[in-house]
Structures are given as C-alpha cells and as structure tokens.
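Everything on this sheet refers to the single structure shown next.
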Amino acid sequence: MACHKKKLLRNCFLSLGIFLLIAIAGCARPAVSQPRQICPGKQNADHALASLNFNVRNAKPVKASGICSLVYSDEKGGKHKENLTIKIRTYPPDKIYFWCDHLLKPKAVSGGSNEKEFWFWIKLDPAMYLWGQWPQGSQTNHSISRCLEGISLSPQNLLIAFGLFSPENHSDSDYSWTLSNTEAFDVLEKLDRNGRVVKKIYVDRCTYHISRIEYLESNEITTSIELADYRQISRDFAIPARVNITSYQISQIPDTISIKLNNIGLFEISADKLGKVFRRSEPKGVDQIYKLNDNCQLVEQLN
C-alpha cells in the first residue's frame, strides 16, 4: 500500500503539469546549456549561496501566462502528451497560484501555495485533489520539503523556479555544500551526512542565474529542472521564462514538463484581494481526495 501511495503521489504531481512545448529525446541525460561568456566564479559555497539568496530576498509579485505541455508515461510504458495554456501569479515570500486551461475544460488543472498550505486540483478524468500543510517555521528544513523537492511539479520546485524559495537551507545540519567550477558554471553540490550528493545546482557565472538543478539518489538523477531565458522583473530580481522539469523515475523513461511563459510583468493586487487569490479552494465533486502528511504519506479523505 505504501508503494502504491508513493507512486500515486508522484503521478498526482506529474499529471498536474499538463504543460508546454517539449519533445523527449530518449533516456540520455540532457546537457546543461552553455553560456556564451566565461566569467569568474565565486570563491566558496557560502559566497555562491549568498548570491543566489540575493535574488530571493528581492523577489517581486509576478503575473505571467504561457503555453505548456506534458509528456508522460503510464504504468505500461505508453507515452502520452497533453497541451494546455497556463497562467501564474506569485506573491513573495510563499504564495503562488497557477491554473491550466484545456480546450474543453477551463482550469482543468490548478494548484498553489500560501504561507500555510499547498494544493493541486486535477479536473481531468480521473479527477483528483491533493493538499498538504507547510510545517511551522522554516519550510525548507522539514521532511515534507525534502519529499516534495524530488517530485516534478511540486509547489516547492515551482517556488524555487520562480525565485520565491531559496534552493538551499543553511540551518539544515544533516547536509553540507561544496563548490566546484567548470568552464562556464559554478557547480554547487549538496551532500548528506554520509557524503553522498543529493542535489547539484549549475549557476551561470556571468549572470549568476540558476541554469539547472539536479536531484540525485544513489548517484542517479531522479529529477532535473532546467531554467532559461531569464526576464528582469526589477533591478535585482529575475525569473526564467522557460522551465523544463524531467523525472527519470518510471522504467527509465523520462517524464517531461515544459513551461514557456510570455506576458511576464509585475502583479499588482490590493491587500483585501490577496487572501482570496491565494486561498485554497475546497474540492467539490471529487472522489479522490488526499492529504500529504508530515511524514510524506498520502492519507485519503472523505469528500
């Protein structure tokens, strides 16, 4: 049952991402796109992480729309593709809301996060609703966050991708960071207490924007997030207009979500409307409702 629920959890998040223009090219690990210039890197991991956090500290509310597609494999190995449009609203430090419109069903997929909760609502057949509560205190120093970071379209990955969450957490004593350099990138590696690499972050040394994040298990990539075409929202804050998320966890066939945004700009909203936009909607007419508990387990709930 635990295995079934783990697979269900992953499929919930993957189904969510009914997004963007993408083509899968087999199972080979994709290369990190190379910057055009070569610039000096940071001296150590602390300096590199501080530079990444600078963008997060200066995050601005953003609105954007775009196109999206999802390529995924079913349990029998068959491949499927869905195409939708996507709209996104963000509000620092922890609020995001997105919805995807299908040709025949508005808001076929939606989801979001606020300071207390995160949620996903899939109205396509089979309809499904999944939600959970952020832990009190630091959202990144908790088992639920470590669970979510390896799932393709988790709220945490979207918050990191669009500059609201930092990709690291200094206060987590179970992990440490090292910095190495390639010709064009600073490469941050996150190590567990046994010295195993669990995350890699490739940072363009010229812009100091994240180009790629890899999550690893037993030295194998389980999920990768590629970020490109950054748009400057303000002097000190930029977000990527292209996001590709690939999972390699089912039968070695990568499931890929690709998001291409346009019409990106500042999101202006009054204080009285803020709670309404980023409030979790209660599911109606959904048979499958699950809550993700603090131990990263799915608990089925009655409607």
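Labeling convention for the structure tokens: chains A, B, ... as they appear, residues from 1 per chain, ligands from 1 in order of appearance.
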Residue neighbourhood segment 235-241 of chain A, 10 Å, only C-alpha atoms, exclusion window fewer than 3 positions, as a ChimeraX atom specification:
/A:54-60,62,64-66,160-164,209-211,226-232,259-264
Segment 184-194 of chain A surroundings by only C-alpha atoms, 9 Å radius, close-in-sequence under 2 positions cut, as a PyMOL selection string
chain A and resi 34-42+45+48-49+168+173-182+196-206+208+211
Could you write out the selected residues, including C-alpha atoms, as a CSV table (one decimal), in the first residue's frame?
chain,number,residue,atom,x,y,z
A,34,GLN,CA,26.5,26.6,-22.1
A,35,PRO,CA,26.6,30.4,-21.5
A,36,ARG,CA,28.1,32.5,-24.3
A,37,GLN,CA,30.6,34.2,-22.0
A,38,ILE,CA,33.1,32.9,-19.4
A,39,CYS,CA,33.2,34.8,-16.2
A,40,PRO,CA,35.0,34.4,-12.8
A,41,GLY,CA,33.2,32.2,-10.3
A,42,LYS,CA,32.6,32.6,-6.5
A,45,ALA,CA,29.9,27.6,-1.4
A,48,ALA,CA,27.7,31.3,-4.1
A,49,LEU,CA,24.6,30.5,-1.9
A,168,GLU,CA,19.3,25.8,-0.1
A,173,SER,CA,22.6,20.3,9.9
A,174,ASP,CA,22.0,17.0,8.0
A,175,TYR,CA,23.6,18.5,4.9
A,176,SER,CA,26.6,20.4,3.7
A,177,TRP,CA,27.6,22.2,0.5
A,178,THR,CA,30.7,22.2,-1.7
A,179,LEU,CA,31.6,24.3,-4.7
A,180,SER,CA,33.4,23.3,-7.9
A,181,ASN,CA,33.9,25.1,-11.2
A,182,THR,CA,33.5,24.1,-14.8
A,196,ARG,CA,26.5,11.4,-0.9
A,197,VAL,CA,25.5,14.0,-3.4
A,198,VAL,CA,21.7,14.6,-3.2
A,199,LYS,CA,21.5,17.8,-5.2
A,200,LYS,CA,23.5,19.7,-7.8
A,201,ILE,CA,23.0,23.4,-8.8
A,202,TYR,CA,24.6,24.7,-12.0
A,203,VAL,CA,24.9,28.5,-11.9
A,204,ASP,CA,25.8,30.7,-14.9
A,205,ARG,CA,28.9,32.5,-13.6
A,206,CYS,CA,28.1,35.7,-15.6
A,208,TYR,CA,24.5,34.1,-11.5
A,211,SER,CA,20.7,27.1,-15.2
Could you name the residues that touch Gly111 of chain A at 7 Å or less, counting only C-alpha atoms, but leaving out those on the same chain fewer than 4 positions away, as number ranges by chain?
A: 97-99, 119-121
Would you please give, as a PyMOL selection string, all residues of segment 200-267 of chain A that DSSP assigns to strand (DSSP E) based on the backbone?
chain A and resi 200-204+210-217+220-234+237-247+255-266
Any chance you could export the current selection's N, CA and C atoms as a short mmCIF file (atom, residue, chain, number, x, y, z; two decimals), in the first residue's frame?
data_model
loop_
_atom_site.label_atom_id
_atom_site.label_comp_id
_atom_site.auth_asym_id
_atom_site.auth_seq_id
_atom_site.Cartn_x
_atom_site.Cartn_y
_atom_site.Cartn_z
N LYS A 200 22.54 18.92 -7.14
CA LYS A 200 23.52 19.74 -7.83
C LYS A 200 22.83 20.97 -8.40
N ILE A 201 23.48 22.12 -8.29
CA ILE A 201 22.96 23.36 -8.85
C ILE A 201 24.02 23.95 -9.76
N TYR A 202 23.68 24.11 -11.04
CA TYR A 202 24.58 24.71 -12.01
C TYR A 202 24.21 26.19 -12.16
N VAL A 203 25.18 27.07 -11.90
CA VAL A 203 24.91 28.50 -11.90
C VAL A 203 25.76 29.18 -12.97
N ASP A 204 25.12 29.93 -13.84
CA ASP A 204 25.82 30.72 -14.85
C ASP A 204 26.69 31.75 -14.13
N ILE A 210 20.44 30.53 -11.94
CA ILE A 210 20.49 29.07 -11.95
C ILE A 210 20.12 28.56 -13.35
N SER A 211 20.95 27.69 -13.90
CA SER A 211 20.67 27.08 -15.19
C SER A 211 20.04 25.71 -15.06
N ARG A 212 20.41 24.99 -14.01
CA ARG A 212 19.91 23.62 -13.86
C ARG A 212 20.03 23.18 -12.40
N ILE A 213 19.02 22.45 -11.95
CA ILE A 213 19.04 21.80 -10.64
C ILE A 213 18.82 20.32 -10.85
N GLU A 214 19.65 19.49 -10.24
CA GLU A 214 19.50 18.04 -10.33
C GLU A 214 19.31 17.47 -8.93
N TYR A 215 18.33 16.59 -8.78
CA TYR A 215 18.15 15.83 -7.54
C TYR A 215 18.62 14.40 -7.79
N LEU A 216 19.40 13.87 -6.85
CA LEU A 216 20.02 12.56 -7.05
C LEU A 216 19.68 11.62 -5.91
N GLU A 217 19.66 10.35 -6.25
CA GLU A 217 19.50 9.28 -5.27
C GLU A 217 20.41 8.13 -5.70
N GLU A 220 22.25 8.60 -8.93
CA GLU A 220 21.46 8.66 -10.16
C GLU A 220 20.51 9.85 -10.10
N ILE A 221 20.38 10.55 -11.22
CA ILE A 221 19.47 11.70 -11.27
C ILE A 221 18.03 11.19 -11.25
N THR A 222 17.24 11.70 -10.34
CA THR A 222 15.82 11.35 -10.28
C THR A 222 14.95 12.44 -10.89
N THR A 223 15.36 13.70 -10.73
CA THR A 223 14.61 14.83 -11.27
C THR A 223 15.57 15.94 -11.64
N SER A 224 15.33 16.58 -12.76
CA SER A 224 16.13 17.75 -13.14
C SER A 224 15.21 18.90 -13.50
N ILE A 225 15.66 20.11 -13.19
CA ILE A 225 14.92 21.33 -13.51
C ILE A 225 15.85 22.24 -14.29
N GLU A 226 15.48 22.56 -15.52
CA GLU A 226 16.28 23.46 -16.35
C GLU A 226 15.58 24.81 -16.45
N LEU A 227 16.34 25.87 -16.22
CA LEU A 227 15.81 27.23 -16.19
C LEU A 227 16.56 28.07 -17.22
N ALA A 228 15.83 28.81 -18.05
CA ALA A 228 16.48 29.58 -19.12
C ALA A 228 15.65 30.80 -19.47
N ASP A 229 16.25 31.66 -20.29
CA ASP A 229 15.58 32.86 -20.80
C ASP A 229 15.05 33.72 -19.66
N TYR A 230 15.95 34.11 -18.78
CA TYR A 230 15.54 34.92 -17.61
C TYR A 230 15.07 36.29 -18.04
N ARG A 231 14.02 36.75 -17.40
CA ARG A 231 13.47 38.09 -17.65
C ARG A 231 13.64 38.94 -16.39
N GLN A 232 14.15 40.13 -16.57
CA GLN A 232 14.38 41.02 -15.45
C GLN A 232 13.07 41.67 -15.05
N ILE A 233 12.62 41.39 -13.83
CA ILE A 233 11.37 41.97 -13.32
C ILE A 233 11.64 43.31 -12.67
N SER A 234 12.75 43.40 -11.97
CA SER A 234 13.22 44.64 -11.38
C SER A 234 14.74 44.63 -11.45
N PHE A 237 15.88 41.47 -9.41
CA PHE A 237 15.07 40.24 -9.41
C PHE A 237 14.73 39.82 -10.83
N ALA A 238 14.98 38.54 -11.13
CA ALA A 238 14.69 37.99 -12.46
C ALA A 238 14.10 36.60 -12.30
N ILE A 239 13.26 36.19 -13.26
CA ILE A 239 12.71 34.84 -13.25
C ILE A 239 12.87 34.23 -14.64
N PRO A 240 12.91 32.90 -14.74
CA PRO A 240 13.05 32.26 -16.05
C PRO A 240 11.73 32.23 -16.80
N ALA A 241 11.78 32.46 -18.10
CA ALA A 241 10.59 32.35 -18.93
C ALA A 241 10.41 30.92 -19.44
N ARG A 242 11.47 30.11 -19.36
CA ARG A 242 11.38 28.72 -19.79
C ARG A 242 11.83 27.80 -18.66
N VAL A 243 10.97 26.84 -18.35
CA VAL A 243 11.25 25.87 -17.29
C VAL A 243 10.95 24.48 -17.82
N ASN A 244 11.93 23.60 -17.79
CA ASN A 244 11.74 22.20 -18.16
C ASN A 244 12.02 21.33 -16.94
N ILE A 245 11.07 20.48 -16.59
CA ILE A 245 11.23 19.59 -15.45
C ILE A 245 11.12 18.16 -15.96
N THR A 246 12.15 17.37 -15.69
CA THR A 246 12.18 15.99 -16.18
C THR A 246 12.38 15.03 -15.02
N SER A 247 11.57 13.98 -15.00
CA SER A 247 11.69 12.94 -13.99
C SER A 247 12.10 11.65 -14.67
N ASP A 255 9.73 11.54 -17.86
CA ASP A 255 8.51 12.32 -17.98
C ASP A 255 8.93 13.78 -17.95
N THR A 256 8.47 14.57 -18.90
CA THR A 256 8.94 15.95 -19.01
C THR A 256 7.79 16.93 -19.02
N ILE A 257 7.93 17.94 -18.20
CA ILE A 257 7.01 19.07 -18.17
C ILE A 257 7.80 20.27 -18.67
N SER A 258 7.23 21.02 -19.59
CA SER A 258 7.93 22.18 -20.12
C SER A 258 6.99 23.38 -20.09
N ILE A 259 7.48 24.48 -19.56
CA ILE A 259 6.69 25.71 -19.42
C ILE A 259 7.38 26.83 -20.17
N LYS A 260 6.65 27.49 -21.03
CA LYS A 260 7.19 28.65 -21.74
C LYS A 260 6.26 29.84 -21.49
N LEU A 261 6.77 30.81 -20.76
CA LEU A 261 5.95 31.95 -20.34
C LEU A 261 6.18 33.15 -21.24
N ASN A 262 5.13 33.96 -21.37
CA ASN A 262 5.23 35.26 -22.02
C ASN A 262 4.35 36.22 -21.24
N ASN A 263 4.28 37.45 -21.69
CA ASN A 263 3.48 38.46 -20.99
C ASN A 263 3.81 38.49 -19.50
N ILE A 264 5.10 38.49 -19.18
CA ILE A 264 5.55 38.49 -17.79
C ILE A 264 5.65 39.92 -17.29
N GLY A 265 5.11 40.17 -16.11
CA GLY A 265 5.18 41.51 -15.54
C GLY A 265 4.89 41.51 -14.06
N LEU A 266 4.94 42.69 -13.46
CA LEU A 266 4.63 42.82 -12.04
C LEU A 266 3.15 42.57 -11.80
#
Contacts of Phe118 of chain A at 6 Å (only C-alpha atoms; same-chain gap of 4+ positions) as a PyMOL selection string:
chain A and resi 112-113+131-132
With N, CA and C atoms retained, export the selected residues as a short mmCIF file (atom, residue, chain, number, x, y, z; two decimals), in the first residue's frame.
data_model
loop_
_atom_site.label_atom_id
_atom_site.label_comp_id
_atom_site.auth_asym_id
_atom_site.auth_seq_id
_atom_site.Cartn_x
_atom_site.Cartn_y
_atom_site.Cartn_z
N GLY A 112 -1.57 25.63 -6.02
CA GLY A 112 -0.93 26.80 -5.45
C GLY A 112 -0.37 26.55 -4.07
N SER A 113 0.06 27.64 -3.49
CA SER A 113 0.67 27.60 -2.17
C SER A 113 0.46 28.95 -1.50
N TRP A 131 -3.65 17.90 -1.21
CA TRP A 131 -3.24 19.09 -0.49
C TRP A 131 -2.40 18.72 0.72
N GLY A 132 -1.76 19.71 1.30
CA GLY A 132 -0.96 19.48 2.48
C GLY A 132 -0.69 20.80 3.18
#
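Separating atom CA of Tyr248 of chain A from atom CA of Gly77 of chain A is a distance of 12.7 Å.
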